[in-house]
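Q: Pasting a structure below so you can have a look.
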Amino acid sequence: MKFETLAIHKGNHITDKNNPVVQPITLSTTFEHGNEGGMLYTRAGNPNRIALEEVIAALEKGEDAAAFSSGNAAGTAVYQALEPGSHIIAPDDMYHGLHNSMVQLFAGIHEVSFVDMSDLEAVKSAIRPNTRLFWVETPSNPLLKITDIRAISALAKEQGALLACDNTFATPVFQNPLLLGADIVMHSSTKYFGGHSDILGGALVTKEKNDFSTKIRTVQRVGGAVPSPTDCYWLTRSIRTLAYRMKGHAEHAMILAEFLLNHPKVERVFYPGLKSHKNHYIAASQMSGFGGIVSFMVKGGAEEADRVVSRLHFFMNATSLGGVESLIERRAAVEGPDTLTPPNLLRVSVGLEHTDDLLEDLNQALG
């Protein structure tokens with residue numbers, strides 16, 4: 001089956017005797033022993049979660065998937081599954097929630113080096129004898145750096161380490177890291193999988209079923225940070241339109257990026273679809289589309305960037321991304337004093353509104 005067909009049919013398990021077109025929500029927390037599906041207790045397994053995990057694994061070309069209650073819970077599960085004393089190499093501009101997980105929750109348990117993952121020599125220099133995990137985020141948040149997944153995969157294999165890739169921005173519509181050499185793919189399913197800013201969730205997909213994927217399953221089952229049956233149902237429902245939404249997001253993002261690139265009040269634009277992007281050609285070699293996130297720096301500093309945001313009508317000033325509505329945020333203000341994000345950088349989650357309205361709104365806000 002092609003992607004669009006998989007997204008619609010793979011996660012739709014019909015077991016109801018009335019044969020509904022759509023899988024029902026199974027809210028029961030417990031199940032009678034000896035049932036056909038082997039269900040026992042909903043923390044350990046639920047029909048809606050199994051359906052969600054099956055479709056995500058299929059779309060990412062993986063052997064197994066584990067759904068979690070948030071993207072942070074999913075990423076943290078990888079760190080929990082590592083042997084104590086492991087060294088992790090991670091992006092210096094990685095999503096701050098998972099950055100905080102590494103440095104706060106695992107202080108004294110793991111070691112971590114934050115480097116520019118788009119600089120292969122910097123990554124090589126950071127490798128230690130106990131390096132067990134390379135963590136990649138491509139495109140990165142919010143600087144939209146591009147990491148060569150194939151090249152990092154080669155380093156990981158040479159080291160005998162795992163390569164995990166946060167694929168939230170690209171989604172499996174535009175990028176399949178497992179086919180490029182990654183061992184694990186992570187998603188904040190709150191974002192594009194949910195697509196409507198109303199579901200919290202996360203997921204891990206593993207290339208194969210092995211000892212490490214079993215550890216991840218143990219963290220999921222014993223730790224209990226699992227999504228509710230209702231959230232699993234809504235995520236599975238939203239994934240059915242993922243391919244078409246992502247095509248719209250990417251088309252609109254490119255239009256906005258080109259507009260901003262030529263605007264006199266804009267200092268710099270970050271979007272991997274632009275040929276001016278430092279690693280555009282690496283992005284083009286591993287992505288079939290460039291996603292729906294655009295970041296740009298406003299001339300005049302943080303104060304001017306805040307003024308631009310305050311003048312917008314169709315871009316809501318809010319955290320998160322991936323919904324049908326356009327969101328904008330000055331990331332440095334959210335990430336705190338230790339951020340490497342420029343203070344005048346605005347990150348835009350480009351929505352599915354008509355681009356004429358979005359461009360007109362941006363133009364008047366920039367002045």
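Just so we're on the same page: first chain in the structure tokens is A, next is B, and so on; residues restart at 1 for each chain, and ligands are numbered from 1 in the order they show up.
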Which neighbours of A:Gln175 fall inside 7 Å, counting only C-alpha atoms, when residues of the same chain fewer than 2 positions from it are skipped, and could you give them as a list in words?
A: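 Once the nearby chain positions are removed, what remains is Ala170, Thr171, Pro172, Val173, Pro177, Gln286, Met287 and Ser288 of chain A.
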Q: Can you pull out every residue within 8 Å of stretch 143-150 of chain A, counting only C-alpha atoms, but drop anything in the same chain fewer than 5 positions away, and send it as a list in words?
A: Asp93, Met117, Ser118, Asp119, Val136, Glu137, Thr138, Pro177, Leu180, Gly181, Ala182, Phe270, Tyr271, Pro272, Asn279, His280, Ile282, Ala283, Gln286, Val294, Ser295 and Thr341 of chain A
Q: Write out as a list in words the residues lying within 8 Å of stretch 348-353 of chain A, counting only C-alpha atoms and excluding same-chain residues fewer than 4 positions away.
A: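 Residues near the query, excluding close chain neighbours: Arg245, Gly248, His249, His252, Ala253, Gly292, Ile293, Val294, Ser295, Leu321, Gly322, Gly323, Val324, Glu325, Ser326, Leu327, Ile328, Glu329, Asp357 and Leu358 of chain A.
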Q: Please, could you write that set of residues out with all heavy atoms as a compact mmCIF listing (two decimals), in the first residue's frame?
A:
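Once everything was written out, this is selection-v4.txt:
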# COMPACT_ATOMS: atom_id res chain seq x y z
N ARG A 245 -2.34 17.09 4.63
CA ARG A 245 -2.03 18.28 5.44
C ARG A 245 -0.57 18.69 5.28
O ARG A 245 -0.27 19.88 5.13
CB ARG A 245 -2.35 18.01 6.91
CG ARG A 245 -3.84 17.98 7.22
CD ARG A 245 -4.12 17.90 8.71
NE ARG A 245 -3.88 16.57 9.27
CZ ARG A 245 -2.87 16.23 10.03
NH1 ARG A 245 -1.95 17.14 10.36
NH2 ARG A 245 -2.75 15.00 10.52
N GLY A 248 0.18 20.57 2.16
CA GLY A 248 -0.29 21.96 2.27
C GLY A 248 0.63 22.80 3.12
O GLY A 248 0.97 23.94 2.77
N HIS A 249 1.06 22.26 4.27
CA HIS A 249 1.97 23.00 5.15
C HIS A 249 3.27 23.34 4.43
O HIS A 249 3.77 24.47 4.52
CB HIS A 249 2.29 22.15 6.39
CG HIS A 249 1.19 22.05 7.39
ND1 HIS A 249 0.65 23.15 8.04
CD2 HIS A 249 0.51 20.97 7.87
CE1 HIS A 249 -0.31 22.75 8.88
NE2 HIS A 249 -0.40 21.43 8.79
N HIS A 252 2.81 26.04 1.68
CA HIS A 252 2.64 27.37 2.28
C HIS A 252 3.94 27.88 2.89
O HIS A 252 4.26 29.07 2.81
CB HIS A 252 1.53 27.32 3.34
CG HIS A 252 0.17 27.11 2.76
ND1 HIS A 252 -0.99 27.23 3.51
CD2 HIS A 252 -0.23 26.81 1.50
CE1 HIS A 252 -2.04 26.99 2.73
NE2 HIS A 252 -1.60 26.74 1.52
N ALA A 253 4.69 26.97 3.53
CA ALA A 253 5.95 27.37 4.15
C ALA A 253 6.94 27.90 3.12
O ALA A 253 7.65 28.89 3.37
CB ALA A 253 6.56 26.19 4.92
N GLY A 292 6.74 22.32 7.35
CA GLY A 292 5.90 23.50 7.50
C GLY A 292 6.39 24.52 8.51
O GLY A 292 5.63 25.38 8.94
N ILE A 293 7.67 24.43 8.91
CA ILE A 293 8.22 25.38 9.89
C ILE A 293 9.21 26.31 9.21
O ILE A 293 10.11 25.88 8.50
CB ILE A 293 8.93 24.64 11.04
CG1 ILE A 293 7.99 23.63 11.68
CG2 ILE A 293 9.44 25.65 12.08
CD1 ILE A 293 6.77 24.22 12.34
N VAL A 294 9.05 27.60 9.45
CA VAL A 294 9.96 28.62 8.95
C VAL A 294 10.39 29.49 10.14
O VAL A 294 9.54 29.91 10.94
CB VAL A 294 9.29 29.52 7.89
CG1 VAL A 294 10.25 30.62 7.44
CG2 VAL A 294 8.83 28.71 6.70
N SER A 295 11.67 29.75 10.26
CA SER A 295 12.16 30.69 11.27
C SER A 295 12.83 31.86 10.57
O SER A 295 13.42 31.69 9.51
CB SER A 295 13.16 30.01 12.21
OG SER A 295 12.53 29.03 13.01
N LEU A 321 3.32 23.60 17.61
CA LEU A 321 3.34 23.69 16.15
C LEU A 321 2.56 22.52 15.56
O LEU A 321 2.13 21.62 16.29
CB LEU A 321 4.79 23.65 15.64
CG LEU A 321 5.63 22.45 16.09
CD1 LEU A 321 5.73 21.38 15.00
CD2 LEU A 321 7.03 22.89 16.51
N GLY A 322 2.37 22.55 14.24
CA GLY A 322 1.80 21.42 13.54
C GLY A 322 0.30 21.43 13.36
O GLY A 322 -0.26 20.52 12.75
N GLY A 323 -0.38 22.45 13.89
CA GLY A 323 -1.83 22.53 13.73
C GLY A 323 -2.21 23.19 12.42
O GLY A 323 -1.37 23.73 11.69
N VAL A 324 -3.50 23.16 12.12
CA VAL A 324 -3.98 23.77 10.87
C VAL A 324 -3.91 25.29 10.92
O VAL A 324 -3.90 25.95 9.89
CB VAL A 324 -5.42 23.32 10.55
CG1 VAL A 324 -5.47 21.83 10.26
CG2 VAL A 324 -6.39 23.68 11.68
N GLU A 325 -3.85 25.85 12.15
CA GLU A 325 -3.75 27.29 12.31
C GLU A 325 -2.28 27.71 12.39
O GLU A 325 -1.43 26.95 12.85
CB GLU A 325 -4.49 27.77 13.56
CG GLU A 325 -3.89 27.30 14.88
CD GLU A 325 -4.09 25.82 15.16
OE1 GLU A 325 -5.20 25.33 14.87
OE2 GLU A 325 -3.14 25.16 15.64
N SER A 326 -1.96 28.91 11.92
CA SER A 326 -0.59 29.41 11.97
C SER A 326 -0.27 29.93 13.36
O SER A 326 -1.06 30.66 13.97
CB SER A 326 -0.39 30.53 10.94
OG SER A 326 -0.47 30.02 9.63
N LEU A 327 0.91 29.54 13.88
CA LEU A 327 1.39 29.99 15.17
C LEU A 327 2.74 30.67 14.99
O LEU A 327 3.51 30.31 14.09
CB LEU A 327 1.56 28.82 16.14
CG LEU A 327 0.34 27.96 16.44
CD1 LEU A 327 0.70 26.84 17.40
CD2 LEU A 327 -0.80 28.80 17.02
N ILE A 328 3.03 31.63 15.85
CA ILE A 328 4.32 32.32 15.81
C ILE A 328 4.81 32.52 17.24
O ILE A 328 4.01 32.70 18.16
CB ILE A 328 4.23 33.66 15.06
CG1 ILE A 328 5.63 34.22 14.75
CG2 ILE A 328 3.38 34.67 15.83
CD1 ILE A 328 5.62 35.34 13.72
N GLU A 329 6.13 32.45 17.42
CA GLU A 329 6.67 32.56 18.77
C GLU A 329 8.11 33.04 18.71
O GLU A 329 8.88 32.61 17.84
CB GLU A 329 6.61 31.19 19.43
CG GLU A 329 7.07 31.15 20.87
CD GLU A 329 6.86 29.78 21.49
OE1 GLU A 329 7.26 28.76 20.86
OE2 GLU A 329 6.29 29.71 22.58
N ASP A 357 -3.84 35.65 2.58
CA ASP A 357 -4.14 36.26 3.87
C ASP A 357 -2.91 36.27 4.76
O ASP A 357 -2.64 37.26 5.46
CB ASP A 357 -5.28 35.50 4.56
CG ASP A 357 -6.60 35.63 3.82
OD1 ASP A 357 -6.87 36.72 3.29
OD2 ASP A 357 -7.35 34.64 3.77
N LEU A 358 -2.15 35.18 4.76
CA LEU A 358 -0.95 35.10 5.59
C LEU A 358 0.11 36.10 5.15
O LEU A 358 0.73 36.78 5.99
CB LEU A 358 -0.38 33.68 5.56
CG LEU A 358 -1.26 32.57 6.14
CD1 LEU A 358 -0.57 31.22 6.02
CD2 LEU A 358 -1.64 32.85 7.59
Q: Could you check which of A:Ser113, A:Asn141, A:Thr131, A:Ser285 is closest to A:Lys157, using only C-alpha atoms?
A: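 Of A:Ser113, A:Asn141, A:Thr131, A:Ser285, the one nearest A:Lys157 is A:Thr131, counting only C-alpha atoms.
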Q: Just how far from atom CA of A:Val115 is atom CA of A:Asp92, in Å to one decimal?
A: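 Distance between the two atoms: 4.7 Å.
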Q: What are the closest atom pairs, with distances in Å to one decimal, for each residue of stretch 196-282 of chain A lying within 7 Å of stretch 25-29 of chain A, using only C-alpha atoms, rows by chain and rising residue number, as a Markdown table?
A:
| residue | atom | partner | partner_atom | distance |
| --- | --- | --- | --- | --- |
| A:Pro229 | CA | A:Leu27 | CA | 6.1 |
| A:Thr230 | CA | A:Ile25 | CA | 6.3 |
| A:Tyr233 | CA | A:Ile25 | CA | 6.4 |
Q: Those same residues - C-alpha atoms - I'd like them written as a PDB file, in the first residue's frame.
A:
ATOM      1  CA  PRO A 229      -7.666   5.216  24.450  1.00  0.00           C
ATOM      2  CA  THR A 230      -9.480   8.394  23.404  1.00  0.00           C
ATOM      3  CA  TYR A 233      -8.389   7.143  18.667  1.00  0.00           C
TER       4      TYR A 233
END
Q: Excluding same-chain residues fewer than 4 positions from stretch 52-65 of chain A, what lies within 6 Å of it counting only C-alpha atoms, as a list in words?
A: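 Result of the neighbour search: Lys10, Gly11, Pro172, Asn176, Leu204, Val205, Thr206, Lys207, Glu208 and Thr236 of chain A.
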Q: Those residues you just picked out, can you put them in a file as an mmCIF file, in the first residue's frame with C-alpha atoms?
A:
data_model
loop_
_atom_site.group_PDB
_atom_site.id
_atom_site.type_symbol
_atom_site.label_atom_id
_atom_site.label_comp_id
_atom_site.auth_asym_id
_atom_site.auth_seq_id
_atom_site.Cartn_x
_atom_site.Cartn_y
_atom_site.Cartn_z
ATOM 1 C CA LYS A 10 -3.591 0.256 8.566
ATOM 2 C CA GLY A 11 -4.696 1.540 11.966
ATOM 3 C CA PRO A 172 7.206 10.200 7.617
ATOM 4 C CA ASN A 176 12.053 8.089 6.800
ATOM 5 C CA LEU A 204 9.005 5.775 19.339
ATOM 6 C CA VAL A 205 9.498 3.568 16.295
ATOM 7 C CA THR A 206 12.296 0.985 16.213
ATOM 8 C CA LYS A 207 13.917 -0.388 13.079
ATOM 9 C CA GLU A 208 13.712 -3.905 14.428
ATOM 10 C CA THR A 236 -5.290 7.532 14.471
#
Q: DSSP on the backbone: what in stretch 6-246 of chain A comes out strand (DSSP E), as a PyMOL selection string?
A: chain A and resi 64-68+87-91+111-115+131-137+162-166+184-187+202-206
Q: Which neighbours of A:Arg237 fall inside 10 Å, counting only C-alpha atoms, when residues of the same chain fewer than 6 positions from it are skipped, and could you give them as a ChimeraX atom specification?
A: /A:7-8,11-12,22-23,52,193-194,231
Q: Using only C-alpha atoms, which of A:Ser101, A:Thr76, A:Cys232, A:Gly201 sits nearest A:Ala164?
A: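 When distances to A:Ala164 are compared using only C-alpha atoms, the smallest one comes from A:Thr76.
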